[in-house]
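K.L.:
Pasting final07.pdb here (PDB, C-alpha atoms and all ligand atoms):
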```
ATOM      1  CA  MET A   1       0.000   0.000   0.000
ATOM      2  CA  ALA A   2       1.060   3.561  -0.560
ATOM      3  CA  ILE A   3       1.789   5.993   2.244
ATOM      4  CA  ASP A   4      -0.549   9.012   2.015
ATOM      5  CA  ILE A   5       1.475  11.947   0.696
ATOM      6  CA  LYS A   6      -0.072  14.190   3.374
ATOM      7  CA  TYR A   7       2.466  12.639   5.751
ATOM      8  CA  LEU A   8       5.373  14.065   3.796
ATOM      9  CA  ASP A   9       4.791  17.622   5.071
ATOM     10  CA  LYS A  10       4.449  16.347   8.636
ATOM     11  CA  PHE A  11       7.818  14.580   8.506
ATOM     12  CA  ILE A  12       9.374  17.569   6.739
ATOM     13  CA  LEU A  13       8.303  19.658   9.735
ATOM     14  CA  ALA A  14      10.053  17.162  12.023
ATOM     15  CA  THR A  15      13.392  17.440  10.164
ATOM     16  CA  GLU A  16      12.983  21.230   9.876
ATOM     17  CA  LYS A  17      12.443  21.600  13.618
ATOM     18  CA  ALA A  18      15.331  19.220  14.346
ATOM     19  CA  ALA A  19      17.647  21.191  12.064
ATOM     20  CA  ILE A  20      16.598  24.432  13.802
ATOM     21  CA  GLY A  21      17.416  22.716  17.124
ATOM     22  CA  SER A  22      21.067  22.399  16.119
ATOM     23  CA  PHE A  23      21.352  25.771  14.373
ATOM     24  CA  PHE A  24      22.546  27.541  17.549
ATOM     25  CA  TYR A  25      25.467  25.086  17.779
ATOM     26  CA  ILE A  26      26.977  25.854  14.370
ATOM     27  CA  GLY A  27      30.698  26.478  14.884
ATOM     28  CA  LYS A  28      30.442  26.075  18.677
ATOM     29  CA  LYS A  29      32.578  22.885  18.788
ATOM     30  CA  ASP A  30      29.813  21.109  20.722
ATOM     31  CA  LYS A  31      28.834  17.917  18.869
ATOM     32  CA  VAL A  32      26.811  16.576  21.782
ATOM     33  CA  GLY A  33      24.811  19.776  22.257
ATOM     34  CA  ALA A  34      24.140  20.032  18.532
ATOM     35  CA  ASP A  35      22.828  16.479  18.443
ATOM     36  CA  GLN A  36      20.713  16.918  21.571
ATOM     37  CA  GLY A  37      19.113  20.086  20.212
ATOM     38  CA  ALA A  38      18.099  18.193  17.095
ATOM     39  CA  VAL A  39      16.877  15.110  18.985
ATOM     40  CA  ASP A  40      14.662  17.074  21.382
ATOM     41  CA  ASN A  41      12.930  19.013  18.622
ATOM     42  CA  MET A  42      12.515  16.010  16.344
ATOM     43  CA  ARG A  43      11.010  13.904  19.089
ATOM     44  CA  SER A  44       8.439  16.487  20.090
ATOM     45  CA  GLU A  45       7.417  17.022  16.431
ATOM     46  CA  LEU A  46       7.148  13.271  15.730
ATOM     47  CA  ASN A  47       4.917  12.841  18.754
ATOM     48  CA  LYS A  48       2.394  15.281  17.234
ATOM     49  CA  ILE A  49       1.906  13.138  14.100
ATOM     50  CA  ASP A  50      -1.177  10.895  13.974
ATOM     51  CA  MET A  51       0.557   7.542  13.558
ATOM     52  CA  LYS A  52       1.808   4.516  15.420
ATOM     53  CA  GLY A  53       5.474   4.955  14.575
ATOM     54  CA  THR A  54       8.339   2.740  15.673
ATOM     55  CA  VAL A  55      11.916   3.946  15.531
ATOM     56  CA  VAL A  56      13.918   1.182  13.782
ATOM     57  CA  ILE A  57      17.037   3.262  13.172
ATOM     58  CA  GLY A  58      17.596   5.791  15.933
ATOM     59  CA  GLU A  59      19.906   7.458  18.371
ATOM     60  CA  GLY A  60      21.006   4.266  20.097
ATOM     61  CA  GLU A  61      19.686   1.177  21.789
ATOM     62  CA  MET A  62      17.078   1.075  24.535
ATOM     63  CA  ASP A  63      19.502   0.051  27.313
ATOM     64  CA  GLU A  64      21.556   3.176  26.620
ATOM     65  CA  ALA A  65      18.311   5.093  27.385
ATOM     66  CA  PRO A  66      18.705   7.882  24.856
ATOM     67  CA  MET A  67      15.707   9.635  23.337
ATOM     68  CA  LEU A  68      14.560   8.317  19.966
ATOM     69  CA  TYR A  69      16.120   4.933  20.711
ATOM     70  CA  VAL A  70      15.591   1.892  18.517
ATOM     71  CA  GLY A  71      12.211   0.463  19.504
ATOM     72  CA  GLU A  72      10.785   3.758  20.815
ATOM     73  CA  GLU A  73       7.157   4.315  19.858
ATOM     74  CA  VAL A  74       6.442   7.782  18.460
ATOM     75  CA  GLY A  75       3.301   9.587  17.301
ATOM     76  CA  THR A  76      -0.134  10.040  18.828
ATOM     77  CA  LYS A  77      -0.774   6.269  18.587
ATOM     78  CA  LYS A  78      -3.730   7.008  16.287
ATOM     79  CA  GLY A  79      -3.276   6.266  12.613
ATOM     80  CA  PRO A  80      -1.120   4.106  10.346
ATOM     81  CA  LEU A  81       1.738   1.885  11.490
ATOM     82  CA  PHE A  82       5.092   3.207  10.317
ATOM     83  CA  ASP A  83       8.734   2.172  10.639
ATOM     84  CA  ILE A  84      10.994   5.175  11.009
ATOM     85  CA  ALA A  85      14.729   5.579  10.426
ATOM     86  CA  LEU A  86      16.060   8.839  11.723
ATOM     87  CA  ASP A  87      19.255  10.742  12.196
ATOM     88  CA  PRO A  88      18.338  14.037  13.892
ATOM     89  CA  LEU A  89      21.790  15.341  13.003
ATOM     90  CA  GLU A  90      23.832  13.525  10.355
ATOM     91  CA  GLY A  91      27.224  15.243  10.446
ATOM     92  CA  THR A  92      27.595  16.434  14.049
ATOM     93  CA  ASN A  93      31.236  17.343  13.227
ATOM     94  CA  PHE A  94      30.050  19.580  10.424
ATOM     95  CA  VAL A  95      27.789  21.591  12.716
ATOM     96  CA  ALA A  96      30.382  21.731  15.508
ATOM     97  CA  ASN A  97      32.966  23.110  13.065
ATOM     98  CA  ASP A  98      30.694  25.125  10.758
ATOM     99  CA  LEU A  99      31.338  22.927   7.725
ATOM    100  CA  PRO A 100      28.878  22.149   4.912
ATOM    101  CA  ASN A 101      26.636  19.095   4.468
ATOM    102  CA  SER A 102      25.005  18.539   7.865
ATOM    103  CA  PHE A 103      21.401  17.376   7.693
ATOM    104  CA  SER A 104      18.528  16.295   9.816
ATOM    105  CA  MET A 105      17.079  13.164   8.219
ATOM    106  CA  ILE A 106      14.082  10.853   8.380
ATOM    107  CA  ALA A 107      12.984   7.896   6.276
ATOM    108  CA  VAL A 108       9.563   6.272   6.718
ATOM    109  CA  THR A 109       8.043   3.034   5.453
ATOM    110  CA  GLU A 110       5.003   1.011   6.405
ATOM    111  CA  LYS A 111       5.505  -1.366   9.346
ATOM    112  CA  ASN A 112       8.118  -4.130   8.896
ATOM    113  CA  ASN A 113       9.479  -2.657   5.668
ATOM    114  CA  LEU A 114      12.717  -1.111   6.930
ATOM    115  CA  PHE A 115      15.893  -2.929   7.982
ATOM    116  CA  SER A 116      16.750  -2.199  11.603
ATOM    117  CA  ALA A 117      20.541  -2.161  11.259
ATOM    118  CA  PRO A 118      22.651  -2.073  14.404
ATOM    119  CA  ASP A 119      24.956   0.882  14.945
ATOM    120  CA  THR A 120      28.029  -0.884  13.600
ATOM    121  CA  TYR A 121      30.115  -0.331  10.497
ATOM    122  CA  MET A 122      28.761  -1.342   7.122
ATOM    123  CA  GLU A 123      30.402  -1.892   3.733
ATOM    124  CA  LYS A 124      28.527   0.006   1.041
ATOM    125  CA  ILE A 125      28.556   0.295  -2.701
ATOM    126  CA  ALA A 126      26.033   2.634  -4.340
ATOM    127  CA  ILE A 127      25.305   3.565  -7.956
ATOM    128  CA  GLY A 128      22.652   5.664  -9.691
ATOM    129  CA  GLY A 129      19.588   4.892 -11.809
ATOM    130  CA  ASN A 130      19.059   3.409 -15.288
ATOM    131  CA  LEU A 131      21.583   0.629 -14.780
ATOM    132  CA  PRO A 132      21.036  -3.155 -14.867
ATOM    133  CA  LYS A 133      19.766  -4.525 -11.553
ATOM    134  CA  ASN A 134      22.404  -5.784  -9.086
ATOM    135  CA  LEU A 135      25.152  -4.691 -11.469
ATOM    136  CA  LEU A 136      27.922  -4.566  -8.878
ATOM    137  CA  ASP A 137      28.860  -6.787  -5.983
ATOM    138  CA  LEU A 138      30.786  -6.220  -2.758
ATOM    139  CA  ASP A 139      32.676  -9.454  -3.424
ATOM    140  CA  ASN A 140      34.060  -8.125  -6.701
ATOM    141  CA  SER A 141      37.378  -6.326  -6.614
ATOM    142  CA  VAL A 142      37.317  -2.530  -6.949
ATOM    143  CA  GLU A 143      38.840  -3.043 -10.404
ATOM    144  CA  GLU A 144      36.044  -5.414 -11.466
ATOM    145  CA  ASN A 145      33.253  -3.177 -10.160
ATOM    146  CA  LEU A 146      34.664  -0.044 -11.767
ATOM    147  CA  SER A 147      35.190  -1.759 -15.127
ATOM    148  CA  ILE A 148      31.642  -3.165 -15.110
ATOM    149  CA  LEU A 149      30.201   0.246 -14.213
ATOM    150  CA  ALA A 150      32.311   2.167 -16.743
ATOM    151  CA  LYS A 151      31.177  -0.244 -19.459
ATOM    152  CA  ALA A 152      27.505   0.064 -18.461
ATOM    153  CA  LYS A 153      27.770   3.869 -18.453
ATOM    154  CA  ASN A 154      29.783   3.897 -21.665
ATOM    155  CA  LYS A 155      32.539   5.920 -20.017
ATOM    156  CA  LYS A 156      36.296   5.576 -19.795
ATOM    157  CA  LEU A 157      37.717   4.840 -16.341
ATOM    158  CA  ASN A 158      39.390   8.244 -16.254
ATOM    159  CA  GLU A 159      35.991   9.874 -16.837
ATOM    160  CA  MET A 160      34.526   8.171 -13.751
ATOM    161  CA  TYR A 161      34.099   9.796 -10.324
ATOM    162  CA  ALA A 162      34.049   7.869  -7.046
ATOM    163  CA  CYS A 163      33.018   9.302  -3.684
ATOM    164  CA  VAL A 164      34.973   7.953  -0.705
ATOM    165  CA  LEU A 165      34.901   8.737   3.024
ATOM    166  CA  LYS A 166      38.453   9.809   3.871
ATOM    167  CA  ARG A 167      39.628   7.244   6.407
ATOM    168  CA  PRO A 168      42.805   5.118   6.666
ATOM    169  CA  ARG A 169      40.608   2.002   6.378
ATOM    170  CA  HIS A 170      39.975   2.996   2.757
ATOM    171  CA  ASP A 171      43.638   3.217   1.706
ATOM    172  CA  LYS A 172      43.398   0.006  -0.320
ATOM    173  CA  ILE A 173      40.261   1.160  -2.170
ATOM    174  CA  ILE A 174      41.862   4.558  -2.813
ATOM    175  CA  ASN A 175      45.013   2.898  -4.152
ATOM    176  CA  SER A 176      42.982   0.775  -6.543
ATOM    177  CA  LEU A 177      40.966   3.773  -7.745
ATOM    178  CA  ASN A 178      44.170   5.766  -8.286
ATOM    179  CA  ASN A 179      45.743   2.906 -10.243
ATOM    180  CA  LEU A 180      42.651   2.761 -12.446
ATOM    181  CA  GLY A 181      42.801   6.520 -13.027
ATOM    182  CA  VAL A 182      39.313   6.999 -11.529
ATOM    183  CA  ASN A 183      38.715  10.500 -10.080
ATOM    184  CA  ILE A 184      38.060  10.592  -6.336
ATOM    185  CA  GLU A 185      35.849  13.058  -4.443
ATOM    186  CA  TYR A 186      36.657  12.738  -0.751
ATOM    187  CA  ILE A 187      34.182  13.449   2.035
ATOM    188  CA  SER A 188      35.333  13.852   5.632
ATOM    189  CA  ASP A 189      31.972  12.714   7.075
ATOM    190  CA  GLY A 190      28.320  12.407   6.106
ATOM    191  CA  ASP A 191      28.179   9.352   3.908
ATOM    192  CA  VAL A 192      24.368   9.424   3.529
ATOM    193  CA  SER A 193      24.649  12.429   1.228
ATOM    194  CA  GLY A 194      27.792  10.874  -0.290
ATOM    195  CA  ALA A 195      25.829   7.755  -1.230
ATOM    196  CA  ILE A 196      22.781   9.729  -2.415
ATOM    197  CA  SER A 197      24.981  11.838  -4.703
ATOM    198  CA  VAL A 198      25.216   8.895  -7.159
ATOM    199  CA  ALA A 199      21.538   9.494  -8.040
ATOM    200  CA  ASP A 200      21.717  13.300  -8.111
ATOM    201  CA  GLU A 201      21.663  14.654 -11.659
ATOM    202  CA  ASN A 202      23.668  17.703 -10.549
ATOM    203  CA  SER A 203      26.502  15.580  -9.195
ATOM    204  CA  LYS A 204      29.262  13.965 -11.233
ATOM    205  CA  ILE A 205      29.639  11.037  -8.791
ATOM    206  CA  ASP A 206      29.225   7.619 -10.473
ATOM    207  CA  ILE A 207      29.841   5.406  -7.465
ATOM    208  CA  TYR A 208      30.016   5.610  -3.682
ATOM    209  CA  LEU A 209      32.073   2.932  -1.981
ATOM    210  CA  GLY A 210      33.625   2.158   1.376
ATOM    211  CA  ILE A 211      32.800   1.499   5.017
ATOM    212  CA  GLY A 212      30.553   3.869   7.008
ATOM    213  CA  GLY A 213      27.823   3.580   9.611
ATOM    214  CA  GLY A 214      25.124   0.883   9.359
ATOM    215  CA  PRO A 215      22.197   3.200  10.225
ATOM    216  CA  GLU A 216      23.436   5.695   7.623
ATOM    217  CA  GLY A 217      23.441   2.868   5.060
ATOM    218  CA  VAL A 218      19.730   2.254   5.609
ATOM    219  CA  LEU A 219      18.901   5.973   5.346
ATOM    220  CA  ALA A 220      20.825   6.116   2.077
ATOM    221  CA  ALA A 221      19.014   2.992   0.837
ATOM    222  CA  ALA A 222      15.634   4.619   1.581
ATOM    223  CA  ALA A 223      16.515   7.718  -0.423
ATOM    224  CA  LEU A 224      18.057   5.714  -3.270
ATOM    225  CA  SER A 225      14.968   3.498  -3.506
ATOM    226  CA  CYS A 226      12.926   6.667  -4.236
ATOM    227  CA  LEU A 227      15.520   7.931  -6.703
ATOM    228  CA  GLY A 228      15.886   4.630  -8.574
ATOM    229  CA  GLY A 229      19.492   4.105  -7.483
ATOM    230  CA  GLN A 230      21.109   0.934  -6.158
ATOM    231  CA  ILE A 231      23.037   0.107  -3.002
ATOM    232  CA  GLN A 232      24.499  -3.120  -1.685
ATOM    233  CA  THR A 233      25.696  -3.380   1.898
ATOM    234  CA  ARG A 234      27.161  -5.833   4.412
ATOM    235  CA  LEU A 235      27.647  -5.350   8.153
ATOM    236  CA  VAL A 236      31.209  -5.196   9.475
ATOM    237  CA  LEU A 237      31.148  -6.723  12.946
ATOM    238  CA  ASP A 238      33.763  -7.231  15.639
ATOM    239  CA  LYS A 239      33.239  -9.815  18.424
ATOM    240  CA  ASN A 240      31.118  -7.572  20.686
ATOM    241  CA  GLN A 241      29.068  -6.322  17.804
ATOM    242  CA  ILE A 242      28.148  -9.858  16.749
ATOM    243  CA  VAL A 243      26.132 -10.099  19.976
ATOM    244  CA  ARG A 244      24.496  -6.728  19.231
ATOM    245  CA  ALA A 245      23.634  -7.788  15.700
ATOM    246  CA  GLU A 246      22.072 -10.998  17.024
ATOM    247  CA  LYS A 247      19.976  -8.865  19.377
ATOM    248  CA  PHE A 248      18.665  -7.107  16.288
ATOM    249  CA  GLY A 249      17.509 -10.509  14.991
ATOM    250  CA  ILE A 250      20.258 -10.825  12.371
ATOM    251  CA  LYS A 251      21.013 -14.482  11.729
ATOM    252  CA  ASP A 252      23.241 -14.400   8.666
ATOM    253  CA  LEU A 253      26.004 -12.061   9.828
ATOM    254  CA  LYS A 254      27.735 -12.041   6.423
ATOM    255  CA  LYS A 255      24.602 -11.333   4.403
ATOM    256  CA  LYS A 256      24.892  -8.948   1.486
ATOM    257  CA  TYR A 257      21.859  -6.665   1.550
ATOM    258  CA  ASN A 258      20.549  -5.370  -1.741
ATOM    259  CA  ILE A 259      18.299  -2.333  -1.647
ATOM    260  CA  GLU A 260      15.071  -4.367  -1.511
ATOM    261  CA  ASP A 261      16.439  -6.303   1.488
ATOM    262  CA  MET A 262      16.679  -3.013   3.390
ATOM    263  CA  VAL A 263      13.667  -1.035   2.161
ATOM    264  CA  LYS A 264      10.355  -2.430   0.936
ATOM    265  CA  GLY A 265       7.167  -0.813  -0.323
ATOM    266  CA  ASP A 266       6.459   2.883  -0.241
ATOM    267  CA  VAL A 267       8.978   5.326   1.242
ATOM    268  CA  LEU A 268       9.078   8.914   2.475
ATOM    269  CA  PHE A 269      12.456  10.592   2.891
ATOM    270  CA  CYS A 270      13.327  14.099   4.039
ATOM    271  CA  ALA A 271      16.619  15.804   4.750
ATOM    272  CA  THR A 272      16.745  19.392   6.044
ATOM    273  CA  ALA A 273      20.153  21.047   5.796
ATOM    274  CA  VAL A 274      21.591  22.704   8.903
ATOM    275  CA  THR A 275      24.756  24.038   7.268
ATOM    276  CA  ASP A 276      24.801  24.485   3.476
ATOM    277  CA  GLY A 277      24.440  21.180   1.665
ATOM    278  CA  GLU A 278      25.013  19.883  -1.854
ATOM    279  CA  LEU A 279      21.310  18.992  -2.021
ATOM    280  CA  VAL A 280      19.826  22.148  -0.451
ATOM    281  CA  PRO A 281      21.116  25.297   1.265
ATOM    282  CA  GLY A 282      21.472  25.485   5.042
ATOM    283  CA  ILE A 283      19.291  27.363   7.533
ATOM    284  CA  ILE A 284      19.145  31.145   7.179
ATOM    285  CA  ASN A 285      18.625  33.222  10.313
ATOM    286  CA  ASN A 286      16.390  36.184   9.424
ATOM    287  CA  LYS A 287      16.450  37.667  12.964
ATOM    288  CA  ASN A 288      12.759  36.943  13.699
ATOM    289  CA  SER A 289      12.507  33.751  11.699
ATOM    290  CA  TYR A 290      14.507  30.890  10.197
ATOM    291  CA  THR A 291      14.326  29.798   6.571
ATOM    292  CA  THR A 292      14.828  26.043   6.213
ATOM    293  CA  SER A 293      15.409  24.032   3.044
ATOM    294  CA  THR A 294      14.545  20.360   2.739
ATOM    295  CA  PHE A 295      15.123  17.697   0.121
ATOM    296  CA  ALA A 296      11.963  15.543   0.156
ATOM    297  CA  LEU A 297      10.993  12.299  -1.585
ATOM    298  CA  HIS A 298       7.857  10.167  -1.812
ATOM    299  CA  LYS A 299       8.421   6.973  -3.744
ATOM    300  CA  SER A 300       4.923   5.977  -4.916
ATOM    301  CA  SER A 301       3.978   9.439  -6.238
ATOM    302  CA  LYS A 302       7.505   9.941  -7.654
ATOM    303  CA  THR A 303       7.647  13.193  -5.680
ATOM    304  CA  LYS A 304      11.091  14.746  -5.512
ATOM    305  CA  LYS A 305      11.104  18.315  -4.296
ATOM    306  CA  LYS A 306      13.115  20.962  -2.545
ATOM    307  CA  VAL A 307      10.987  22.747   0.032
ATOM    308  CA  SER A 308      11.763  26.084   1.684
ATOM    309  CA  ASN A 309       9.750  27.193   4.702
ATOM    310  CA  ILE A 310       9.874  30.101   7.100
ATOM    311  CA  HIS A 311       9.608  29.404  10.837
ATOM    312  CA  LYS A 312       8.917  32.209  13.304
ATOM    313  CA  ILE A 313      11.306  32.260  16.227
TER
HETATM  314  C1  LIG B   1      30.175   7.140   9.548
HETATM  315  C2  LIG B   1      29.328   7.729   8.430
HETATM  316  C3  LIG B   1      28.572   8.953   8.918
HETATM  317  O1  LIG B   1      30.265   9.295  10.597
HETATM  318  O2  LIG B   1      29.318   6.617  10.546
HETATM  319  C4  LIG B   1      31.054   8.221  10.149
HETATM  320  O3  LIG B   1      28.418   6.757   7.985
HETATM  321  C5  LIG B   1      31.879   7.748  11.328
HETATM  322  O4  LIG B   1      32.971   7.088  10.829
HETATM  323  O5  LIG B   1      27.895   9.544   7.840
HETATM  324  P1  LIG B   1      34.296   6.965  11.711
HETATM  325  O6  LIG B   1      33.942   6.082  12.873
HETATM  326  O7  LIG B   1      35.295   6.368  10.805
HETATM  327  O8  LIG B   1      34.667   8.373  12.145
HETATM  328  C6  LIG B   1      29.526   9.942   9.573
HETATM  329  O9  LIG B   1      30.416  10.448   8.609
HETATM  330  C7  LIG B   1      28.741  11.107  10.205
HETATM  331  O10 LIG B   1      27.863  10.651  11.174
END
```
Let me see the structure of the file written as structure tokens.
Ligand code: VTB

P.N.:
Amino acid sequence: MAIDIKYLDKFILATEKAAIGSFFYIGKKDKVGADQGAVDNMRSELNKIDMKGTVVIGEGEMDEAPMLYVGEEVGTKKGPLFDIALDPLEGTNFVANDLPNSFSMIAVTEKNNLFSAPDTYMEKIAIGGNLPKNLLDLDNSVEENLSILAKAKNKKLNEMYACVLKRPRHDKIINSLNNLGVNIEYISDGDVSGAISVADENSKIDIYLGIGGGPEGVLAAAALSCLGGQIQTRLVLDKNQIVRAEKFGIKDLKKKYNIEDMVKGDVLFCATAVTDGELVPGIINNKNSYTTSTFALHKSSKTKKKVSNIHKI
């Protein structure tokens, strides 16, 4: 069944209010405060929505007792059953240091349609639309995947752009890309927007690859499923995390998740920028009001829009 599009504006308001909650912290070197400001506002907005929502990707696990934890019920408890993945502030470092590309994000599906990934690392490989299904595979070498993709896009390897999170753990991938002559766009954080960029017609990125957060992988999958892109992921688990993953009901710890294994059915996705983003500009403080900009998607109606709203202070 489709999710009624009237819910899109309600969730947009939740990411807008969350983004406003971290606005004060821009450049204040306070990651924790920035996150808390976003969490508080998002939670109170979500609880005004007529729905029975369950947080499946959230701010942590129940025993850590944060707000918006995995399993927390949100909404007025009247209305449709939704699964919700949220990141009140994706890119806490960006806000703390006044750098671009911080967002408040939410993805929504109907109940039981969203993968509740534990907060562990996750291997990811994402590509854009209009390509054969399951074209690439995490078990292929970087060389194999890039050659397959270049061929499918009818491009030379030196015309290809890869987006990579700049971390020492990616040295091998970076080496391979350099040897192939593929261009690399590094990001220092924020791999949800990195992964989404493969499906953005204004971006030159052809592929996102590397290891980032598991929850961020599911948020990216939700957006890419609306945009017609592809993503394949696999959890990266150390000994302690294996127990955590089992708690999340994951039996096959080495499973490769294709997009439809992570997100099923209809999807809503919204991302409000706190600092300026590639997708939309950041919050503007107009003295008596804030102007927010949000990138919003609704899969079944093929809605893809950029929404600006003014909020009185
Ligand atoms: C990843 C990435 C996120 O933080 O979780 C990263 O998915 C943390 O990676 O988008 P490290 O542990 O290597 O620092 C983000 O970049 C921002 O939350």

K.L.:
Quick one: axis-aligned box around all listed atoms of stretch 200-212 of chain A, 3 Å on every side, centre and edge lengths in Å to one decimal, written as lines of an AutoDock Vina configuration file.

P.N.:
```
center_x = 27.6
center_y = 9.6
center_z = -2.3
size_x = 18.0
size_y = 22.2
size_z = 24.7
```

K.L.:
Would you mind listing the residues within 8 Å of ligand LIG 1 (chain B), counting only C-alpha atoms and all ligand atoms, as JSON, numbers by chain?

P.N.:
{"A": [89, 90, 91, 92, 93, 121, 165, 167, 188, 189, 190, 191, 192, 193, 211, 212, 213, 214, 215, 216, 217]}

K.L.:
Using Å and a single decimal, report how far atom CA of A:Lys264 sits from atom CA of A:Glu278.

P.N.:
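Taking atom CA of A:Glu278 and atom CA of A:Lys264, their separation equals 26.8 Å.
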
K.L.:
Suppose a student applies the PyMOL selection byres (((chain A and resi 138) around 8) and not hetatm) to this structure; what residues should they get, written as an MDAnalysis selection string?

P.N.:
chainID A and resid 123:125 136:137 139:141 232:233 256

K.L.:
Using all atoms listed in the file for the distances, tell me which of A:Ile259, A:Met160, A:Ala150, A:Ile12 is nearest to A:Ala107.

P.N.:
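Going through A:Ile259, A:Met160, A:Ala150, A:Ile12 one by one, the smallest distance to A:Ala107 is for A:Ile12.
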
K.L.:
Let me make sure I understand: among A:Gly249, A:Gly27, A:Gly282, A:Gly228, which one has the smallest atom-to-atom distance to A:Ser300 if we use all atoms listed in the file?

P.N.:
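Once distances to A:Ser300 are computed over all atoms listed in the file, the minimum belongs to A:Gly228.
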
K.L.:
On this file, the PyMOL selection byres (((chain A and resi 226) around 12) and not hetatm) gives some set of residues; write that set as a PyMOL selection string.

P.N.:
chain A and resi 107-109+128-129+196+199-200+219-225+227-230+259-260+263-270+296-305

K.L.:
When distances are computed from only C-alpha atoms, which of A:Lys247, A:Pro118, A:Pro168, A:Gly181 shows the smallest separation from A:Arg234?

P.N.:
A:Pro118
